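Heads up, work.txt below (compact mmCIF, C-alpha atoms and all ligand atoms):
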# COMPACT_ATOMS: atom_id res chain seq x y z
CA MET A 25 30.26 -12.06 48.30
CA HIS A 26 29.54 -8.77 49.92
CA SER A 27 25.80 -8.32 50.07
CA SER A 28 26.00 -4.84 48.48
CA ASN A 29 27.37 -6.38 45.23
CA ARG A 30 24.44 -8.70 44.77
CA PRO A 31 22.27 -6.43 42.58
CA LEU A 32 25.21 -5.76 40.28
CA VAL A 33 25.95 -9.45 39.87
CA GLN A 34 22.29 -10.16 39.19
CA LEU A 35 22.20 -7.43 36.55
CA PHE A 36 25.33 -8.88 34.92
CA LEU A 37 23.82 -12.37 34.80
CA VAL A 38 20.52 -11.17 33.33
CA SER A 39 22.32 -9.05 30.70
CA THR A 40 24.50 -12.02 29.71
CA LEU A 41 21.43 -14.24 29.38
CA VAL A 42 19.63 -11.68 27.17
CA LEU A 43 22.74 -11.32 24.98
CA LEU A 44 23.09 -15.09 24.58
CA LEU A 45 19.41 -15.49 23.65
CA SER A 46 19.64 -12.62 21.19
CA CYS A 47 22.77 -14.08 19.52
CA SER A 48 21.22 -17.48 19.30
CA GLY A 49 18.13 -15.92 17.64
CA THR A 50 20.31 -14.25 15.00
CA LEU A 51 22.16 -17.50 14.49
CA THR A 52 18.92 -19.40 14.13
CA ALA A 53 17.67 -16.86 11.56
CA ALA A 54 20.91 -17.15 9.59
CA LEU A 55 20.65 -20.94 9.60
CA PHE A 56 16.96 -21.38 8.83
CA TRP A 57 15.74 -18.23 7.05
CA LYS A 58 16.70 -17.62 3.44
CA GLU A 59 16.41 -14.13 1.99
CA TYR A 60 14.09 -13.85 -1.03
CA LYS A 61 15.80 -12.56 -4.15
CA SER A 62 13.80 -11.95 -7.32
CA GLY A 63 16.49 -13.09 -9.73
CA ILE A 64 15.86 -9.94 -11.74
CA TYR A 65 18.84 -7.81 -12.65
CA TRP A 66 18.09 -4.10 -12.28
CA GLN A 67 20.17 -1.26 -13.61
CA GLU A 68 21.10 1.22 -10.95
CA PRO A 69 18.59 4.11 -11.04
CA THR A 70 20.13 7.22 -12.55
CA ILE A 71 21.28 9.66 -9.93
CA ILE A 72 19.81 13.12 -10.37
CA ASP A 73 19.77 16.27 -8.29
CA PRO A 74 16.12 17.01 -7.47
CA GLY A 75 16.98 20.55 -6.34
CA GLY A 76 15.30 22.35 -3.50
CA SER A 77 11.76 23.65 -3.49
CA ASN A 78 11.11 25.90 -6.50
CA GLN A 79 14.27 24.59 -8.17
CA VAL A 80 14.56 22.67 -11.40
CA PRO A 81 15.67 19.00 -11.25
CA SER A 82 19.04 18.39 -12.87
CA ASP A 83 17.62 16.24 -15.70
CA ALA A 84 14.72 18.56 -16.61
CA ILE A 85 14.41 20.59 -19.78
CA VAL A 86 13.57 24.19 -18.94
CA LEU A 87 10.78 25.52 -21.15
CA PHE A 88 10.41 28.88 -19.46
CA ASP A 89 12.84 30.36 -16.95
CA GLY A 90 11.10 33.68 -16.51
CA LYS A 91 13.17 35.43 -19.17
CA SER A 92 12.65 33.82 -22.55
CA LEU A 93 10.07 31.83 -24.48
CA ASP A 94 12.65 30.77 -27.07
CA ALA A 95 11.70 27.13 -26.51
CA TRP A 96 8.26 27.91 -27.99
CA ASN A 97 6.83 28.70 -31.38
CA GLY A 98 4.69 31.83 -31.08
CA GLY A 99 6.29 32.86 -27.80
CA GLU A 100 7.18 36.29 -29.18
CA LYS A 101 3.49 37.26 -28.96
CA TRP A 102 3.26 36.67 -25.22
CA ILE A 103 4.27 39.35 -22.75
CA ILE A 104 7.18 38.57 -20.44
CA GLU A 105 7.25 40.64 -17.30
CA ASP A 106 8.53 40.10 -13.75
CA GLY A 107 9.52 36.50 -14.50
CA ALA A 108 6.11 35.53 -15.84
CA ALA A 109 4.67 35.14 -19.33
CA THR A 110 1.17 36.46 -19.99
CA THR A 111 -0.92 34.93 -22.76
CA ALA A 112 -1.47 37.17 -25.77
CA GLY A 113 -2.13 36.91 -29.47
CA GLY A 114 -2.34 33.14 -29.84
CA SER A 115 -1.46 29.78 -28.39
CA ILE A 116 2.18 28.71 -28.17
CA ASN A 117 3.73 25.29 -28.71
CA THR A 118 7.13 23.87 -27.92
CA LYS A 119 9.76 23.53 -30.62
CA GLN A 120 10.83 20.26 -29.08
CA LYS A 121 8.38 17.38 -29.10
CA PHE A 122 7.58 15.20 -26.11
CA GLY A 123 5.86 11.90 -25.37
CA ASP A 124 5.71 10.41 -21.88
CA CYS A 125 6.74 13.09 -19.43
CA GLN A 126 6.56 14.84 -16.11
CA LEU A 127 5.59 18.47 -16.54
CA HIS A 128 5.77 21.21 -13.95
CA LEU A 129 4.37 24.69 -14.43
CA GLU A 130 2.89 27.51 -12.43
CA PHE A 131 -0.05 29.63 -13.49
CA ALA A 132 -2.08 32.51 -12.18
CA THR A 133 -5.48 33.55 -13.49
CA PRO A 134 -6.07 37.33 -13.69
CA PHE A 135 -6.18 39.13 -10.36
CA GLU A 136 -8.95 41.32 -11.66
CA VAL A 137 -12.05 39.18 -11.97
CA LYS A 138 -13.93 39.67 -15.21
CA GLY A 139 -16.52 37.50 -16.88
CA ASN A 140 -17.79 34.18 -15.66
CA GLY A 141 -17.85 30.48 -16.47
CA GLN A 142 -15.39 29.61 -19.22
CA GLY A 143 -14.54 33.30 -19.67
CA ARG A 144 -12.48 33.68 -16.50
CA GLY A 145 -8.75 33.05 -16.77
CA ASN A 146 -9.24 30.41 -19.44
CA SER A 147 -6.10 28.80 -20.83
CA GLY A 148 -5.02 25.18 -21.00
CA VAL A 149 -2.15 22.75 -21.04
CA TYR A 150 -2.41 20.73 -24.25
CA LEU A 151 -0.32 17.58 -23.86
CA MET A 152 0.90 16.52 -27.31
CA GLY A 153 -1.05 19.52 -28.59
CA ARG A 154 -4.40 17.72 -28.19
CA TYR A 155 -5.14 16.48 -24.64
CA GLU A 156 -6.18 19.47 -22.55
CA VAL A 157 -5.74 19.84 -18.82
CA GLN A 158 -7.95 22.87 -18.30
CA VAL A 159 -6.63 26.09 -16.81
CA LEU A 160 -9.43 28.30 -15.52
CA ASP A 161 -10.32 30.56 -12.63
CA SER A 162 -12.55 28.12 -10.78
CA HIS A 163 -12.46 29.96 -7.48
CA GLU A 164 -16.09 30.72 -6.74
CA ASN A 165 -16.79 30.47 -10.44
CA THR A 166 -19.05 27.63 -11.48
CA THR A 167 -19.03 26.22 -14.96
CA TYR A 168 -19.74 22.75 -16.34
CA TYR A 169 -17.72 20.45 -14.08
CA ASP A 170 -15.83 18.65 -16.82
CA GLY A 171 -14.69 22.07 -18.03
CA GLN A 172 -13.52 23.61 -14.76
CA CYS A 173 -9.90 24.05 -13.73
CA ALA A 174 -7.93 20.77 -13.71
CA ALA A 175 -10.63 18.97 -15.69
CA ILE A 176 -9.60 16.88 -18.64
CA TYR A 177 -11.68 19.04 -20.89
CA LYS A 178 -15.11 17.49 -21.60
CA GLN A 179 -13.88 14.11 -20.36
CA THR A 180 -13.81 14.31 -16.57
CA PRO A 181 -14.00 16.88 -13.78
CA PRO A 182 -11.11 17.06 -11.30
CA ILE A 183 -11.41 14.90 -8.18
CA VAL A 184 -11.56 18.04 -6.04
CA ASN A 185 -11.49 21.77 -6.69
CA ALA A 186 -8.06 22.75 -5.32
CA CYS A 187 -8.00 26.25 -6.85
CA ARG A 188 -6.43 29.24 -5.22
CA LYS A 189 -7.84 32.73 -5.53
CA PRO A 190 -7.59 34.81 -8.70
CA GLY A 191 -4.11 36.28 -9.14
CA GLU A 192 -2.45 33.76 -6.82
CA TRP A 193 0.23 31.44 -8.18
CA GLN A 194 -0.78 27.80 -8.50
CA THR A 195 1.18 24.72 -9.51
CA TYR A 196 0.47 21.87 -11.87
CA ASP A 197 2.55 18.73 -11.74
CA ILE A 198 1.44 16.46 -14.54
CA ILE A 199 2.52 12.89 -15.21
CA PHE A 200 1.59 11.82 -18.69
CA THR A 201 1.73 8.54 -20.55
CA ALA A 202 1.29 9.02 -24.28
CA PRO A 203 -1.13 6.78 -26.18
CA GLY A 204 0.23 4.26 -28.65
CA PHE A 205 -1.21 3.43 -32.07
CA ASN A 206 -1.24 0.46 -34.41
CA ASP A 207 -0.17 0.82 -38.05
CA ASP A 208 -3.82 1.00 -39.13
CA GLY A 209 -4.36 3.99 -36.83
CA SER A 210 -6.31 2.13 -34.18
CA VAL A 211 -5.44 2.69 -30.55
CA LYS A 212 -2.93 0.21 -29.16
CA THR A 213 -2.70 1.73 -25.68
CA SER A 214 -4.64 4.65 -24.23
CA GLY A 215 -3.01 7.75 -22.88
CA TYR A 216 -3.05 8.34 -19.13
CA VAL A 217 -2.75 11.50 -17.10
CA THR A 218 -2.17 12.23 -13.44
CA VAL A 219 -2.35 15.82 -12.21
CA LEU A 220 -1.42 17.43 -8.91
CA GLN A 221 -2.72 20.96 -8.48
CA ASN A 222 -1.06 22.85 -5.65
CA GLY A 223 0.22 19.49 -4.41
CA ILE A 224 -3.26 17.92 -4.41
CA VAL A 225 -4.17 14.94 -6.60
CA VAL A 226 -6.88 16.18 -8.94
CA GLN A 227 -6.49 13.53 -11.66
CA ASN A 228 -5.29 10.04 -10.79
CA HIS A 229 -4.09 7.98 -13.74
CA PHE A 230 -7.10 9.02 -15.82
CA GLU A 231 -7.48 7.05 -19.03
CA LEU A 232 -7.82 9.55 -21.84
CA GLN A 233 -10.74 8.95 -24.17
CA GLY A 234 -9.04 10.79 -26.99
CA GLY A 235 -8.25 14.31 -28.03
CA THR A 236 -10.24 17.01 -26.25
CA SER A 237 -12.63 19.17 -28.22
CA TYR A 238 -15.24 21.86 -27.67
CA VAL A 239 -17.41 20.75 -30.56
CA ALA A 240 -17.09 16.96 -30.72
CA PRO A 241 -16.83 13.90 -28.49
CA ALA A 242 -13.32 12.87 -27.51
CA SER A 243 -11.68 10.66 -30.09
CA TYR A 244 -8.21 9.45 -30.88
CA ALA A 245 -6.45 10.24 -34.14
CA LYS A 246 -3.08 8.62 -34.74
CA HIS A 247 -0.11 10.89 -34.13
CA GLY A 248 3.61 10.66 -33.51
CA GLU A 249 5.27 9.18 -30.45
CA LYS A 250 6.29 12.71 -29.57
CA GLU A 251 4.40 15.93 -30.26
CA SER A 252 4.61 19.58 -29.22
CA LEU A 253 3.25 20.71 -25.90
CA SER A 254 0.89 23.69 -26.22
CA LEU A 255 -0.36 26.40 -23.91
CA GLN A 256 -3.69 27.84 -24.91
CA PHE A 257 -4.58 31.45 -25.58
CA HIS A 258 -8.28 31.90 -24.88
CA GLY A 259 -8.48 35.67 -24.75
CA ASN A 260 -7.79 35.92 -21.01
CA LYS A 261 -4.58 37.25 -19.47
CA THR A 262 -3.43 34.15 -17.66
CA ARG A 263 0.19 34.12 -16.51
CA PHE A 264 2.69 31.26 -16.50
CA ARG A 265 6.11 30.79 -14.95
CA ASN A 266 8.67 28.15 -14.00
CA ILE A 267 7.91 25.61 -16.71
CA TRP A 268 10.03 22.50 -16.98
CA ILE A 269 9.61 19.00 -18.30
CA ARG A 270 11.30 15.64 -17.70
CA GLU A 271 11.40 12.79 -20.16
CA ASN A 272 12.47 9.22 -19.36
CA VAL A 273 9.71 8.62 -16.86
CA HIS A 274 9.13 4.98 -17.76
CA ALA A 275 9.12 2.31 -15.09
CA PRO A 276 12.46 0.46 -14.95
CA LYS A 277 12.61 -2.79 -16.86
CA GLY A 278 14.46 -5.60 -15.11
CA GLU A 279 16.24 -8.45 -16.82
CA GLN A 280 15.42 -11.98 -15.73
CA LEU A 281 18.73 -13.75 -15.44
CA GLY A 282 17.81 -17.27 -14.41
CA GLY A 283 17.80 -16.80 -10.71
CA ARG A 284 20.86 -14.62 -10.50
CA PRO A 285 20.43 -12.64 -7.35
CA GLN A 286 20.47 -8.89 -7.43
CA GLU A 287 23.59 -7.52 -5.85
CA PRO A 288 23.87 -3.87 -4.95
CA ALA A 289 26.36 -1.96 -7.04
CA THR A 290 29.71 -1.60 -5.34
CA PRO A 291 31.42 1.79 -5.38
CA GLU A 292 33.95 0.36 -7.87
CA SER A 293 31.28 -0.68 -10.34
CA VAL A 294 29.34 2.57 -10.36
MG MG B 1 -8.95 26.02 -21.88

What's the structure tokens form of this structure?
Amino acid sequence: MHSSNRPLVQLFLVSTLVLLLSCSGTLTAALFWKEYKSGIYWQEPTIIDPGGSNQVPSDAIVLFDGKSLDAWNGGEKWIIEDGAATTAGGSINTKQKFGDCQLHLEFATPFEVKGNGQGRGNSGVYLMGRYEVQVLDSHENTTYYDGQCAAIYKQTPPIVNACRKPGEWQTYDIIFTAPGFNDDGSVKTSGYVTVLQNGIVVQNHFELQGGTSYVAPASYAKHGEKESLSLQFHGNKTRFRNIWIRENVHAPKGEQLGGRPQEPATPESV
């Protein structure tokens, strides 16, 4: 062999050795390792179009698109202007009723700062018409902590104060699990609420203590599996826009089929 070929031959031999070892490892794994399969049969998750940023997911119900509050009782009292609805004349509640849900909305407290404490940009998101996620101008505006913006009113303060300045648009993304009741009216399962304000977790799976009230401790009173969603009028000109809601937010339920392994859906079976 010509001496100049030696490095090439050595490289070839080393590469072959590495390849053989690698193949034998794969073979060994195939022979001795067994993949874990749960034996649970899962339905294929529904395919939806999440949309881009500031777009509505394909399976959402639009409650306010910037033009009409037709989805709401009392909406005719509010003022619609420049794609936003300003509170006026009374609270509004959805014609359709909802239970467990994911709710998205945007709000802006008045640009012009007036009043203080609970009197600044006060509104509220009333899940099922009775569990309030507070809306308030809490930018450099102190009030009782379990009544500030993103509090579950009189039940818990938010984890952090993630408020933007007065007049600036803010987002709420709320994940809500409705409470359940026994026939005698007692609570079977509590309600739970998670809230992201401007993308920040401000409530994390908080266990609701009952309906929120200004004058009484929180308490549950039996209600339907679905109820209207309300937005509060509290005398302040708070604006809302881009409101949508998604139902069917339950965790998937698998079916135990006696050890049958889960197979991915084939294109033919979809
Ligand atoms: Mg309020």

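Excluding Gly143 (chain A) itself and any same-chain residue fewer than 6 positions from it, the protein and nucleic acid residues within 9 Å of it, counting only C-alpha atoms, are A:Leu160, A:Asp161, A:His258, A:Gly259, A:Asn260.
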
(message) Residues contacting ligand MG 1 (chain B) - anything with an atom at most 7 Å away, using all atoms listed in the file - can you give me those as a PyMOL selection string?
(response) chain A and resi 146-148+158-160+256+258

(request) Please measure the separation of CA of Ser92 (chain A) and CA of Leu151 (chain A), giving the value in Å to one decimal. (result) 20.8 Å

(message) Env of Asp83 (chain A): 12 Å cut, atoms = only C-alpha atoms, seq-sep filter 6 positions within chain, self excluded. Answer as a VMD selection string.
(response) chain A and resid 70 to 75 125 to 126 268 to 273

(message) As an exercise, work out the distance from CA of Gly114 (chain A) to CA of Gly90 (chain A) in Å and give it to one decimal place.
(response) 18.9 Å

Enumerate, in order of chain and increasing residue number, the residues of region 176-243 of chain A with an atom no farther than 12 Å from region 263-266 of chain A, each with its shortest atom pair and distance in Å to one decimal, counting all atoms listed in the file, as CSV.
residue,atom,partner,partner_atom,distance
A:Pro190,CA,A:Arg263,CA,11.0
A:Gly191,CA,A:Arg263,CA,8.8
A:Glu192,CA,A:Arg263,CA,10.0
A:Trp193,CA,A:Phe264,CA,8.7
A:Gln194,CA,A:Phe264,CA,9.4
A:Thr195,CA,A:Asn266,CA,9.4
A:Tyr196,CA,A:Asn266,CA,10.5
A:Asp197,CA,A:Asn266,CA,11.5

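Closest approach to Met152 (chain A) among A:Asn228, A:Thr262, A:Ser254, A:Gln79: A:Ser254, based on only C-alpha atoms.
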
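Minimum atom-to-atom distances from A:Lys61, A:Ser162, A:Lys138, A:His128 to Ala84 (chain A) were compared using only C-alpha atoms, and the lowest value belongs to A:His128.
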
(request) Considering all atoms listed in the file, return as a PyMOL selection string whatever protein or nucleic-acid residues lie within 9 Å of Ser237 (chain A), sequence-local ones (same chain, fewer than 2 positions apart) excluded. (result) chain A and resi 154-156+177-178+235+239-243
